[in-house]
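Just below is one structure, and these are the notes that go with it.
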Amino acid sequence: MKVGIIKYEAGNLQSVLNALEYNHVDWGLIEKKSDFDNYSHLLLPGVGAFPSAMKQLLEKDFVGPILKHIQSGNPFLGICVGFQLLLDSSDEKVFTEGLGVIKGRVRNFKEHTEGLLVPHVGWNFSRQEKESHFHLNESFYFTHSCFCLCENKEDILATTEYGVHFVSAIERDNVVGFQFHPEKSHQYGLNLFKTFEGLKC
Amino acid sequence: MLKRRLIPVLNILDGSIVRSEDFKVHQNIGNVINQASRYNEWEVDELIYLDIGRKGTYAAGRSDHKVNTYVEIDKIIEQISKVCFMPLAFGGGIKTLRDVDLRIRHGADKVIINTEAFHNPSLITEIADKYGSQAVIISIDYRMIDSKPRVFTRFASEDTGMSLYDWVKRCEDLGAGEIFINAIDRDGKANGYDLETIQNTCDLTKIPTICCGGAGVLEDFVEVFEETNVSAVAAGNIFHFTERAYPRAKKLLKEENINVR
C-alpha cells in the first residue's frame with residue numbers, strides 16, 4: 001500500500017480518508033508501530049490540541065517510526081496539528097516539545113494579535129513563497145488558535161496573514177506540512193493530496 | 001485576509017431536507033445526499049445541517065429519489081461527508097459527549113448545540129477540551145421581548161428569561177468557538193437580517209459570530225455584511241427556492257466589494 005494515515009487522535013479522520021478516496025489514492029491506517037513498514041508515504045492528520053496530540057504519539061511509541069521514515073527520505077505530509085507537531089515546540093496551553101524536524105515554534109494567536117477573533121476560522125489566502133510541485137496560491141480553509149513561525153526561510157512554502165504573517169505551509173526535502181485543511185478546501189485542496197501521492201520515494 | 005463566509009443551512013427531518021418557517025411549517029425539499037452534492041458543486045464556504053426531528057430517530061423518508069434513505073444520523077453524516085469537501089457542522093439532538101463523538105467520528109467537523117448547552121453548560125467545556133473550541137458552535141434562538149433579545153430553547157418554545165447578550169458572553173467563557181444567532185421572529189419571513197442585534201453580539205465577543213434568519217433577497221446579504229462586522233452569514237430557504245441563489249449571491253457580494261471567496 002502507498003499512503004499510511006497515522007491514527008493517533010480523536011477527531012475527524014473520515015474527511016481525510018474521503019479526500020484520498022476521491023483521488024483514488026491507495027491508503028491504509030497505521031494503528032500500531034509495526035504498521036509503519038507497509039507504506040511508502042506517511043500522512044499525519046490532526047484535530048485537537050498540540051500537547052494531547054504529542055502525548056498520544058509518545059504513548060503509542062510512534063515518534064521513532066515517524067522520524068525514521070522522515071530520515072529515510074520518503075514523503076511525509078502533516079496537516080494542521082500534524083503539521084505543527086513537526087516543529088520544535090508549541091506554546092498551546094502548556095509548553096510542549098514537538099518532533100523537532102523543522103526549526104520553529106507554535107504560538108497562540110491570542111498573545112500576538114489584538115482585536116482579532118480567535119480561533120482563526122474560515123477561508124484565507126495562502127501565498128506561495130517558493131517553487132514546488134504543490135500549487136498553493138489559493139484560498140484554503142483554516143481553523144486553528146495557534147500559528148507557526150519557522151526559523152529557516154527556505155523551509156517556508158506558503159504564508160498567510162491574520163494579524164500576524166504566519167507560515168501556512170512548509171516544505172523541506174521530503175517533508176510537507178499544511179496549516180489549513182486541504183480535505184475541506186474543495187478542488188484546490190483535493191489536488192494537494194494527488195500531488196502528495198505523486199511524490200517520488 | 002480572512003474571507004467572510006456565506007453558509008447555507010439545511011434542516012433535516014426524517015431523512016429529508018425541509019423548509020422551515022417560524023419554526024413550524026415544514027415542506028419537503030429533497031433527499032439529503034442529493035442536496036449535499038448540489039452544494040458541493042457550488043463550492044459553498046461551509047454547510048450547516050440541523051436535525052429538527054423531534055423524535056430522535058429517522059423514519060423512512062421519501063423513496064422517490066432513487067437514493068437510499070438513511071435512517072441514522074451517523075449514516076447520514078458519513079454519506080454527506082463523502083460528497084462534500086468543505087467544513088460540515090451538524091446540530092440537533094446532541095445531549096452528551098457521546099453524541100458529539102458519534103458525529104465527529106463519522107465526518108462532522110463541528111457540532112452545534114442549542115437547548116442542551118443552555119441546560120447543561122458544562123457540555124460546552126467538555127467538547128472544547130476534547131476537540132478544541134473550533135469544533136463547538138453554540139446556536140442561540142432569540143425573540144425580541146420589549147425590544148430586547150431574549151433566549152428561547154426547545155425549538156423556540158421555551159422562554160428562558162435570559163438576555164441573548166448575557167448568554168453569548170457565558171458561552172464564550174465556557175469555551176465555545178463560534179456563536180450562531182437565529183432571530184426566531186424572522187425565520188422564513190424574508191424581511192432582512194436583524195442588524196442591530198447582530199452588531200451588538202459582534203461587539204461583545206472575541207469569537208466569530210454567524211447570523212441567521214430573515215434573508216429574502218440577495219441584497220439582504222450585502223446589507224448585513226456592510227452594516228455589521230459579522231464573520232459569517234447563514235440562510236436556509238433562499239438557497240432552496242431561488243434559482244442558483246448561492247453563486248449569484250457570491251457574485252453580487254464580490255461586486256459590492258465584500259471580502260468573500
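Residues in the C-alpha cells are numbered from 1 in each chain, the chains being A, B, ... in the order shown, and ligands are numbered from 1 in the order shown.
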
Residues of chain A within 6 Å of chain B: nearest atom pair and distance (Å, one decimal) for each, counting only C-alpha atoms, sorted by chain and number, as CSV?
```
residue,atom,partner,partner_atom,distance
A:Asn12,CA,B:Ile104,CA,5.4
A:Gln14,CA,B:Gly107,CA,5.2
A:Ser15,CA,B:Gly107,CA,5.7
A:Asn18,CA,B:Lys82,CA,5.5
A:Gly48,CA,B:Tyr131,CA,5.1
A:Leu117,CA,B:Lys206,CA,4.9
A:Val118,CA,B:Ile207,CA,5.6
A:Trp123,CA,B:Lys3,CA,5.5
A:Asn124,CA,B:Leu2,CA,4.6
A:Glu161,CA,B:Met1,CA,5.7
A:Lys184,CA,B:Met86,CA,4.1
A:Ser185,CA,B:Met86,CA,5.6
A:His186,CA,B:Phe85,CA,5.1
```

Using only C-alpha atoms, determine which residues lie at most 9 Å from Tyr142 in chain B, disregarding the query and same-chain residues fewer than 6 positions distant; provide the list as a list in words.
Pro149, Arg150, Val151, Phe152, Thr153, Ala156, Ser163, Leu164, Ile181, Asn182, Ala183, Ile184 and Asp185 of chain B

With N, CA, C and O atoms retained, write the just-selected residues as a short mmCIF file (atom, residue, chain, number, x, y, z; two decimals), in the first residue's frame.
```cif
data_model
loop_
_atom_site.label_atom_id
_atom_site.label_comp_id
_atom_site.auth_asym_id
_atom_site.auth_seq_id
_atom_site.Cartn_x
_atom_site.Cartn_y
_atom_site.Cartn_z
N PRO B 149 -33.37 41.34 22.97
CA PRO B 149 -33.32 39.94 22.53
C PRO B 149 -33.25 38.96 23.71
O PRO B 149 -32.41 39.13 24.59
N ARG B 150 -34.14 38.00 23.72
CA ARG B 150 -34.19 37.04 24.81
C ARG B 150 -34.06 35.61 24.28
O ARG B 150 -34.62 35.28 23.23
N VAL B 151 -33.33 34.79 25.02
CA VAL B 151 -33.04 33.42 24.58
C VAL B 151 -34.25 32.50 24.75
O VAL B 151 -34.87 32.47 25.82
N PHE B 152 -34.55 31.75 23.68
CA PHE B 152 -35.59 30.72 23.73
C PHE B 152 -34.94 29.38 23.40
O PHE B 152 -34.04 29.31 22.57
N THR B 153 -35.38 28.32 24.06
CA THR B 153 -34.85 26.98 23.77
C THR B 153 -35.98 26.06 23.35
O THR B 153 -37.13 26.50 23.21
N ALA B 156 -37.61 26.98 20.06
CA ALA B 156 -38.20 28.31 20.22
C ALA B 156 -39.46 28.31 21.07
O ALA B 156 -40.20 29.29 21.09
N SER B 163 -31.15 37.16 28.82
CA SER B 163 -30.77 38.06 27.73
C SER B 163 -29.80 37.34 26.78
O SER B 163 -28.91 36.61 27.22
N LEU B 164 -29.99 37.56 25.48
CA LEU B 164 -29.11 36.95 24.48
C LEU B 164 -27.65 37.29 24.77
O LEU B 164 -26.77 36.43 24.73
N ILE B 181 -26.40 32.93 15.93
CA ILE B 181 -27.63 33.52 16.46
C ILE B 181 -28.73 33.52 15.39
O ILE B 181 -28.49 33.83 14.23
N ASN B 182 -29.90 33.13 15.83
CA ASN B 182 -31.02 32.99 14.91
C ASN B 182 -32.23 33.77 15.44
O ASN B 182 -32.69 33.53 16.55
N ALA B 183 -32.70 34.72 14.63
CA ALA B 183 -33.84 35.53 15.02
C ALA B 183 -35.13 34.76 14.72
O ALA B 183 -35.51 34.60 13.56
N ILE B 184 -35.77 34.25 15.76
CA ILE B 184 -36.98 33.42 15.61
C ILE B 184 -38.06 34.16 14.81
O ILE B 184 -38.67 33.60 13.90
N ASP B 185 -38.27 35.41 15.15
CA ASP B 185 -39.34 36.16 14.50
C ASP B 185 -39.12 36.34 13.00
O ASP B 185 -40.04 36.68 12.27
#
```

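Proximity of B:Phe155, B:Phe241, B:Phe118, B:Tyr193 to Leu50 in chain B, computed with only C-alpha atoms, is greatest for B:Phe155.
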
Extract, using only C-alpha atoms, all DNA, RNA and protein residues at most 7 Å from range 24-34 of chain B, discarding same-chain residues fewer than 3 positions from it, and format them as a PDB file with N, CA, C and O atoms, in the first residue's frame.
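File written: part.pdb
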```pdb
ATOM      1  N   GLY B  15     -34.854  12.239   7.534  1.00  0.00           N
ATOM      2  CA  GLY B  15     -34.013  11.839   6.410  1.00  0.00           C
ATOM      3  C   GLY B  15     -34.143  12.706   5.173  1.00  0.00           C
ATOM      4  O   GLY B  15     -33.522  12.433   4.161  1.00  0.00           O
ATOM      5  N   SER B  16     -34.954  13.752   5.240  1.00  0.00           N
ATOM      6  CA  SER B  16     -35.086  14.653   4.093  1.00  0.00           C
ATOM      7  C   SER B  16     -34.729  16.075   4.491  1.00  0.00           C
ATOM      8  O   SER B  16     -34.728  16.430   5.661  1.00  0.00           O
ATOM      9  N   ILE B  17     -34.438  16.897   3.474  1.00  0.00           N
ATOM     10  CA  ILE B  17     -34.206  18.312   3.713  1.00  0.00           C
ATOM     11  C   ILE B  17     -35.558  19.015   3.634  1.00  0.00           C
ATOM     12  O   ILE B  17     -36.324  18.807   2.691  1.00  0.00           O
ATOM     13  N   VAL B  18     -35.864  19.839   4.620  1.00  0.00           N
ATOM     14  CA  VAL B  18     -37.169  20.513   4.634  1.00  0.00           C
ATOM     15  C   VAL B  18     -37.014  22.021   4.816  1.00  0.00           C
ATOM     16  O   VAL B  18     -35.983  22.508   5.271  1.00  0.00           O
ATOM     17  N   ARG B  19     -38.060  22.725   4.454  1.00  0.00           N
ATOM     18  CA  ARG B  19     -38.098  24.172   4.629  1.00  0.00           C
ATOM     19  C   ARG B  19     -38.748  24.461   5.978  1.00  0.00           C
ATOM     20  O   ARG B  19     -39.652  23.744   6.408  1.00  0.00           O
ATOM     21  N   SER B  20     -38.287  25.504   6.639  1.00  0.00           N
ATOM     22  CA  SER B  20     -38.933  25.850   7.903  1.00  0.00           C
ATOM     23  C   SER B  20     -39.402  27.296   7.866  1.00  0.00           C
ATOM     24  O   SER B  20     -38.829  28.136   7.192  1.00  0.00           O
ATOM     25  N   GLU B  21     -40.490  27.537   8.551  1.00  0.00           N
ATOM     26  CA  GLU B  21     -40.966  28.905   8.694  1.00  0.00           C
ATOM     27  C   GLU B  21     -41.530  29.055  10.084  1.00  0.00           C
ATOM     28  O   GLU B  21     -42.367  28.252  10.497  1.00  0.00           O
ATOM     29  N   SER B  37     -24.692  17.106  -2.632  1.00  0.00           N
ATOM     30  CA  SER B  37     -23.885  17.133  -3.865  1.00  0.00           C
ATOM     31  C   SER B  37     -24.048  18.462  -4.593  1.00  0.00           C
ATOM     32  O   SER B  37     -23.089  19.006  -5.127  1.00  0.00           O
ATOM     33  N   ARG B  38     -25.273  18.955  -4.585  1.00  0.00           N
ATOM     34  CA  ARG B  38     -25.542  20.220  -5.266  1.00  0.00           C
ATOM     35  C   ARG B  38     -24.729  21.357  -4.634  1.00  0.00           C
ATOM     36  O   ARG B  38     -24.118  22.164  -5.316  1.00  0.00           O
ATOM     37  N   HIS B  65     -36.438   9.331  -4.779  1.00  0.00           N
ATOM     38  CA  HIS B  65     -35.233   9.986  -5.304  1.00  0.00           C
ATOM     39  C   HIS B  65     -34.215   8.991  -5.834  1.00  0.00           C
ATOM     40  O   HIS B  65     -33.132   9.371  -6.236  1.00  0.00           O
ATOM     41  N   GLN B  79     -22.443   9.706   4.657  1.00  0.00           N
ATOM     42  CA  GLN B  79     -22.737   9.856   3.230  1.00  0.00           C
ATOM     43  C   GLN B  79     -22.510  11.289   2.764  1.00  0.00           C
ATOM     44  O   GLN B  79     -21.973  11.511   1.683  1.00  0.00           O
ATOM     45  N   ILE B  80     -22.910  12.254   3.575  1.00  0.00           N
ATOM     46  CA  ILE B  80     -22.724  13.656   3.189  1.00  0.00           C
ATOM     47  C   ILE B  80     -21.230  13.961   3.069  1.00  0.00           C
ATOM     48  O   ILE B  80     -20.784  14.577   2.107  1.00  0.00           O
TER      49      ILE B  80
END
```

Residues within 9 Å of Ala249 in chain B, only C-alpha atoms, excluding chain neighbours under 5 positions, as a list in words:
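The contact residues come out as Leu6, Leu218, Glu219, Phe221, Val222, Arg244 and Lys254 of chain B.
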
Take the residues that were just selected and, keeping N, CA, C and O atoms, output them as a PDB file, in the first residue's frame.
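Generated output (selection.pdb):
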```pdb
ATOM      1  N   LEU B   6     -20.375  32.749   3.666  1.00  0.00           N
ATOM      2  CA  LEU B   6     -21.811  32.662   3.380  1.00  0.00           C
ATOM      3  C   LEU B   6     -22.185  31.182   3.483  1.00  0.00           C
ATOM      4  O   LEU B   6     -21.651  30.355   2.740  1.00  0.00           O
ATOM      5  N   LEU B 218     -31.172  38.660  -2.344  1.00  0.00           N
ATOM      6  CA  LEU B 218     -29.711  38.596  -2.249  1.00  0.00           C
ATOM      7  C   LEU B 218     -29.121  39.874  -1.651  1.00  0.00           C
ATOM      8  O   LEU B 218     -28.086  39.846  -0.995  1.00  0.00           O
ATOM      9  N   GLU B 219     -29.803  40.989  -1.844  1.00  0.00           N
ATOM     10  CA  GLU B 219     -29.314  42.263  -1.307  1.00  0.00           C
ATOM     11  C   GLU B 219     -29.266  42.256   0.222  1.00  0.00           C
ATOM     12  O   GLU B 219     -28.520  43.023   0.831  1.00  0.00           O
ATOM     13  N   PHE B 221     -27.976  40.003   1.982  1.00  0.00           N
ATOM     14  CA  PHE B 221     -26.624  39.564   2.348  1.00  0.00           C
ATOM     15  C   PHE B 221     -25.656  40.747   2.307  1.00  0.00           C
ATOM     16  O   PHE B 221     -24.836  40.932   3.198  1.00  0.00           O
ATOM     17  N   VAL B 222     -25.771  41.532   1.246  1.00  0.00           N
ATOM     18  CA  VAL B 222     -24.894  42.696   1.101  1.00  0.00           C
ATOM     19  C   VAL B 222     -25.082  43.613   2.307  1.00  0.00           C
ATOM     20  O   VAL B 222     -24.113  44.061   2.927  1.00  0.00           O
ATOM     21  N   ARG B 244     -30.162  29.155  -8.433  1.00  0.00           N
ATOM     22  CA  ARG B 244     -28.724  29.438  -8.330  1.00  0.00           C
ATOM     23  C   ARG B 244     -28.421  30.567  -7.348  1.00  0.00           C
ATOM     24  O   ARG B 244     -27.560  31.420  -7.600  1.00  0.00           O
ATOM     25  N   LYS B 254     -19.152  40.068  -4.242  1.00  0.00           N
ATOM     26  CA  LYS B 254     -17.842  40.477  -4.782  1.00  0.00           C
ATOM     27  C   LYS B 254     -17.952  41.819  -5.500  1.00  0.00           C
ATOM     28  O   LYS B 254     -17.083  42.676  -5.356  1.00  0.00           O
TER      29      LYS B 254
END
```

DSSP on the backbone: what in range 39-245 of chain B comes out alpha helix (DSSP H), as a VMD selection string?
chain B and resid 39 to 41 73 to 83 97 to 105 115 to 119 122 to 131 164 to 174 195 to 204 219 to 227 237 to 241 245

Quick one, how far is CA of Tyr162 in chain A from CA of Glu183 in chain A?
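Between CA of Tyr162 in chain A and CA of Glu183 in chain A the gap works out to 21.2 Å.
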
Please run DSSP on the backbone and report, as a ChimeraX atom specification, all residues within range 86-210 of chain B that come out as strand (DSSP E or B).
/B:88-91,110-113,136-145,148-153,158-163,178-183,209-210

Write the residues you've just listed into a file as a CSV table (one decimal), in the first residue's frame, and include C-alpha atoms for each of them.
```csv
chain,number,residue,atom,x,y,z
B,88,LEU,CA,-19.6,20.5,7.8
B,89,ALA,CA,-21.4,21.4,11.0
B,90,PHE,CA,-24.1,19.2,12.5
B,91,GLY,CA,-26.6,20.2,15.1
B,110,LYS,CA,-18.1,20.9,14.1
B,111,VAL,CA,-21.1,20.3,16.2
B,112,ILE,CA,-23.9,22.8,17.0
B,113,ILE,CA,-25.5,22.7,20.4
B,136,VAL,CA,-18.1,23.8,19.1
B,137,ILE,CA,-20.8,26.2,17.7
B,138,ILE,CA,-23.4,27.4,20.2
B,139,SER,CA,-26.7,28.1,18.5
B,140,ILE,CA,-29.0,30.6,20.2
B,141,ASP,CA,-32.5,31.3,19.1
B,142,TYR,CA,-33.9,34.6,20.3
B,143,ARG,CA,-37.0,36.6,20.2
B,144,MET,CA,-37.4,40.4,20.8
B,145,ILE,CA,-39.3,41.0,24.0
B,148,LYS,CA,-34.5,43.3,23.9
B,149,PRO,CA,-33.3,39.9,22.5
B,150,ARG,CA,-34.2,37.0,24.8
B,151,VAL,CA,-33.0,33.4,24.6
B,152,PHE,CA,-35.6,30.7,23.7
B,153,THR,CA,-34.8,27.0,23.8
B,158,GLU,CA,-39.4,27.8,25.9
B,159,ASP,CA,-38.7,31.3,27.2
B,160,THR,CA,-35.6,31.2,29.3
B,161,GLY,CA,-35.9,34.8,30.5
B,162,MET,CA,-32.2,35.3,29.8
B,163,SER,CA,-30.8,38.1,27.7
B,178,GLU,CA,-18.4,30.3,17.3
B,179,ILE,CA,-21.8,31.7,18.1
B,180,PHE,CA,-24.8,31.1,15.8
B,181,ILE,CA,-27.6,33.5,16.5
B,182,ASN,CA,-31.0,33.0,14.9
B,183,ALA,CA,-33.8,35.5,15.0
B,209,THR,CA,-20.5,35.3,15.1
B,210,ILE,CA,-22.7,33.6,12.5
```

Could you tell me which of A:His135, A:Lys103, A:His165, A:Lys2 comes closest to Asn74 in chain A if we count only C-alpha atoms?
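The answer is A:Lys2, which sits nearest to Asn74 in chain A.
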
Would you mind telling me which residue in A:Asn108, A:Ser139, A:Thr113, A:Ser40 lies nearest to Leu199 in chain A when using only C-alpha atoms?
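Ranked by minimum distance to Leu199 in chain A, first place goes to A:Ser40.
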
Between B:Ala190, B:Leu97, B:Val224, B:Val168, which is the closest to Leu204 in chain B once you count only C-alpha atoms?
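So, comparing all the options, the nearest one is B:Val168.
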
To one decimal in Å, tell me the separation between CA of Leu86 in chain A and CA of Ser168 in chain A.
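Straight-line distance from CA of Leu86 in chain A to CA of Ser168 in chain A works out to 13.1 Å.
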
10 Å contact set for range 78-81 of chain A, only C-alpha atoms, chain neighbours under 4 positions out, as a compact mmCIF listing (two decimals) with N, CA, C and O atoms, in the first residue's frame:
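Generated output (around.txt):
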```txt
# COMPACT_ATOMS: atom_id res chain seq x y z
N ILE A 6 -1.61 8.01 9.87
CA ILE A 6 -1.28 7.73 11.27
C ILE A 6 -2.50 8.03 12.15
O ILE A 6 -2.95 9.17 12.24
N VAL A 16 -10.30 13.18 5.81
CA VAL A 16 -9.05 12.95 5.10
C VAL A 16 -9.17 11.68 4.25
O VAL A 16 -8.77 11.66 3.09
N LEU A 42 3.75 8.76 4.32
CA LEU A 42 3.06 8.89 5.62
C LEU A 42 2.26 10.18 5.66
O LEU A 42 2.72 11.22 5.19
N LEU A 43 1.06 10.09 6.26
CA LEU A 43 0.23 11.28 6.43
C LEU A 43 -0.17 11.38 7.90
O LEU A 43 -0.73 10.45 8.46
N LEU A 44 0.18 12.51 8.52
CA LEU A 44 -0.15 12.75 9.92
C LEU A 44 -1.25 13.81 10.00
O LEU A 44 -0.98 15.00 9.84
N PRO A 45 -2.51 13.39 10.19
CA PRO A 45 -3.59 14.37 10.28
C PRO A 45 -3.60 14.96 11.69
O PRO A 45 -2.76 14.60 12.50
N GLY A 46 -4.56 15.80 11.97
CA GLY A 46 -4.58 16.33 13.33
C GLY A 46 -5.74 17.26 13.58
O GLY A 46 -5.91 18.25 12.89
N VAL A 47 -6.53 16.88 14.56
CA VAL A 47 -7.56 17.78 15.07
C VAL A 47 -7.40 17.74 16.57
O VAL A 47 -7.29 16.67 17.13
N GLY A 48 -7.34 18.91 17.20
CA GLY A 48 -7.19 18.90 18.64
C GLY A 48 -5.97 19.70 19.06
O GLY A 48 -5.36 20.39 18.24
N ALA A 49 -5.62 19.59 20.32
CA ALA A 49 -4.56 20.42 20.88
C ALA A 49 -3.19 19.74 20.73
O ALA A 49 -3.08 18.52 20.76
N PHE A 50 -2.17 20.57 20.61
CA PHE A 50 -0.79 20.10 20.44
C PHE A 50 -0.34 19.19 21.59
O PHE A 50 0.19 18.10 21.33
N PRO A 51 -0.52 19.60 22.87
CA PRO A 51 0.00 18.76 23.96
C PRO A 51 -0.59 17.35 23.97
O PRO A 51 0.15 16.37 24.12
N ALA A 53 -1.95 15.75 21.45
CA ALA A 53 -1.54 15.04 20.23
C ALA A 53 -0.14 14.46 20.40
O ALA A 53 0.12 13.29 20.10
N MET A 54 0.79 15.29 20.95
CA MET A 54 2.17 14.83 21.14
C MET A 54 2.21 13.69 22.16
O MET A 54 2.95 12.71 21.98
N LEU A 85 3.18 19.69 14.77
CA LEU A 85 4.00 18.73 15.53
C LEU A 85 5.41 18.58 14.97
O LEU A 85 6.33 18.16 15.67
N LEU A 86 5.59 18.94 13.69
CA LEU A 86 6.91 18.83 13.07
C LEU A 86 7.91 19.82 13.66
O LEU A 86 9.11 19.63 13.56
N VAL A 106 5.41 27.04 17.72
CA VAL A 106 3.99 27.28 17.56
C VAL A 106 3.53 28.24 18.66
O VAL A 106 3.84 28.02 19.83
N PHE A 142 -9.09 27.33 6.94
CA PHE A 142 -8.31 27.27 8.17
C PHE A 142 -9.22 27.17 9.39
O PHE A 142 -10.31 27.75 9.38
N THR A 143 -8.78 26.49 10.41
CA THR A 143 -9.44 26.58 11.70
C THR A 143 -8.43 26.20 12.77
O THR A 143 -8.08 25.06 12.95
N HIS A 144 -7.90 27.22 13.45
CA HIS A 144 -6.84 26.99 14.44
C HIS A 144 -6.67 28.20 15.36
O HIS A 144 -7.01 29.31 14.99
N CYS A 146 -3.58 28.52 17.10
CA CYS A 146 -2.13 28.72 17.20
C CYS A 146 -1.52 28.75 15.80
O CYS A 146 -2.04 28.12 14.90
N PHE A 147 -0.42 29.46 15.68
CA PHE A 147 0.21 29.59 14.35
C PHE A 147 1.69 29.25 14.43
O PHE A 147 2.31 29.31 15.50
N SER A 168 1.87 29.12 6.60
CA SER A 168 0.70 28.26 6.38
C SER A 168 1.08 26.96 5.67
O SER A 168 0.26 26.04 5.59
N ALA A 169 2.31 26.86 5.16
CA ALA A 169 2.77 25.59 4.58
C ALA A 169 4.30 25.55 4.61
O ALA A 169 4.95 26.58 4.43
N ILE A 170 4.84 24.37 4.86
CA ILE A 170 6.30 24.20 4.83
C ILE A 170 6.63 23.07 3.86
O ILE A 170 5.81 22.18 3.60
N VAL A 175 9.60 16.45 3.36
CA VAL A 175 8.62 16.77 4.40
C VAL A 175 7.77 17.96 4.00
O VAL A 175 8.29 19.03 3.67
N VAL A 176 6.43 17.76 4.05
CA VAL A 176 5.49 18.83 3.70
C VAL A 176 4.49 18.99 4.83
O VAL A 176 4.12 18.01 5.49
N GLY A 177 4.05 20.22 5.08
CA GLY A 177 3.03 20.44 6.10
C GLY A 177 2.11 21.58 5.72
O GLY A 177 2.54 22.57 5.14
N PHE A 178 0.82 21.39 6.00
CA PHE A 178 -0.18 22.45 5.74
C PHE A 178 -0.88 22.82 7.03
O PHE A 178 -1.35 21.93 7.74
N GLN A 179 -1.01 24.11 7.31
CA GLN A 179 -1.78 24.55 8.47
C GLN A 179 -3.28 24.44 8.20
O GLN A 179 -4.06 24.14 9.08
N PHE A 180 -3.68 24.70 6.96
CA PHE A 180 -5.10 24.64 6.59
C PHE A 180 -5.52 23.20 6.38
O PHE A 180 -4.70 22.28 6.47
N HIS A 181 -6.80 23.01 6.09
CA HIS A 181 -7.33 21.66 5.87
C HIS A 181 -7.59 21.44 4.38
O HIS A 181 -8.65 21.83 3.89
N PRO A 182 -6.66 20.80 3.67
CA PRO A 182 -6.88 20.57 2.23
C PRO A 182 -8.12 19.71 1.98
O PRO A 182 -8.80 19.88 0.96
N GLU A 183 -8.43 18.83 2.92
CA GLU A 183 -9.59 17.93 2.75
C GLU A 183 -10.90 18.68 2.89
O GLU A 183 -11.98 18.14 2.63
```

Smallest atom-to-atom distance to Leu174 in chain B: which of B:Leu195, B:Ala117, B:Cys212, B:Ile94, using only C-alpha atoms?
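Nearest candidate to Leu174 in chain B out of B:Leu195, B:Ala117, B:Cys212, B:Ile94: B:Ala117.
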
Counting only C-alpha atoms, figure out which residue out of B:Leu47, B:Gly188, B:Asp220, B:Lys169 gets nearest to Asp203 in chain B.
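Of all the options, B:Lys169 lies closest to Asp203 in chain B.
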
Figure out the distance between CA of Leu149 in chain A and CA of Asp91 in chain A, please, to one decimal in Å.
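Going from CA of Asp91 in chain A over to CA of Leu149 in chain A covers 11.8 Å.
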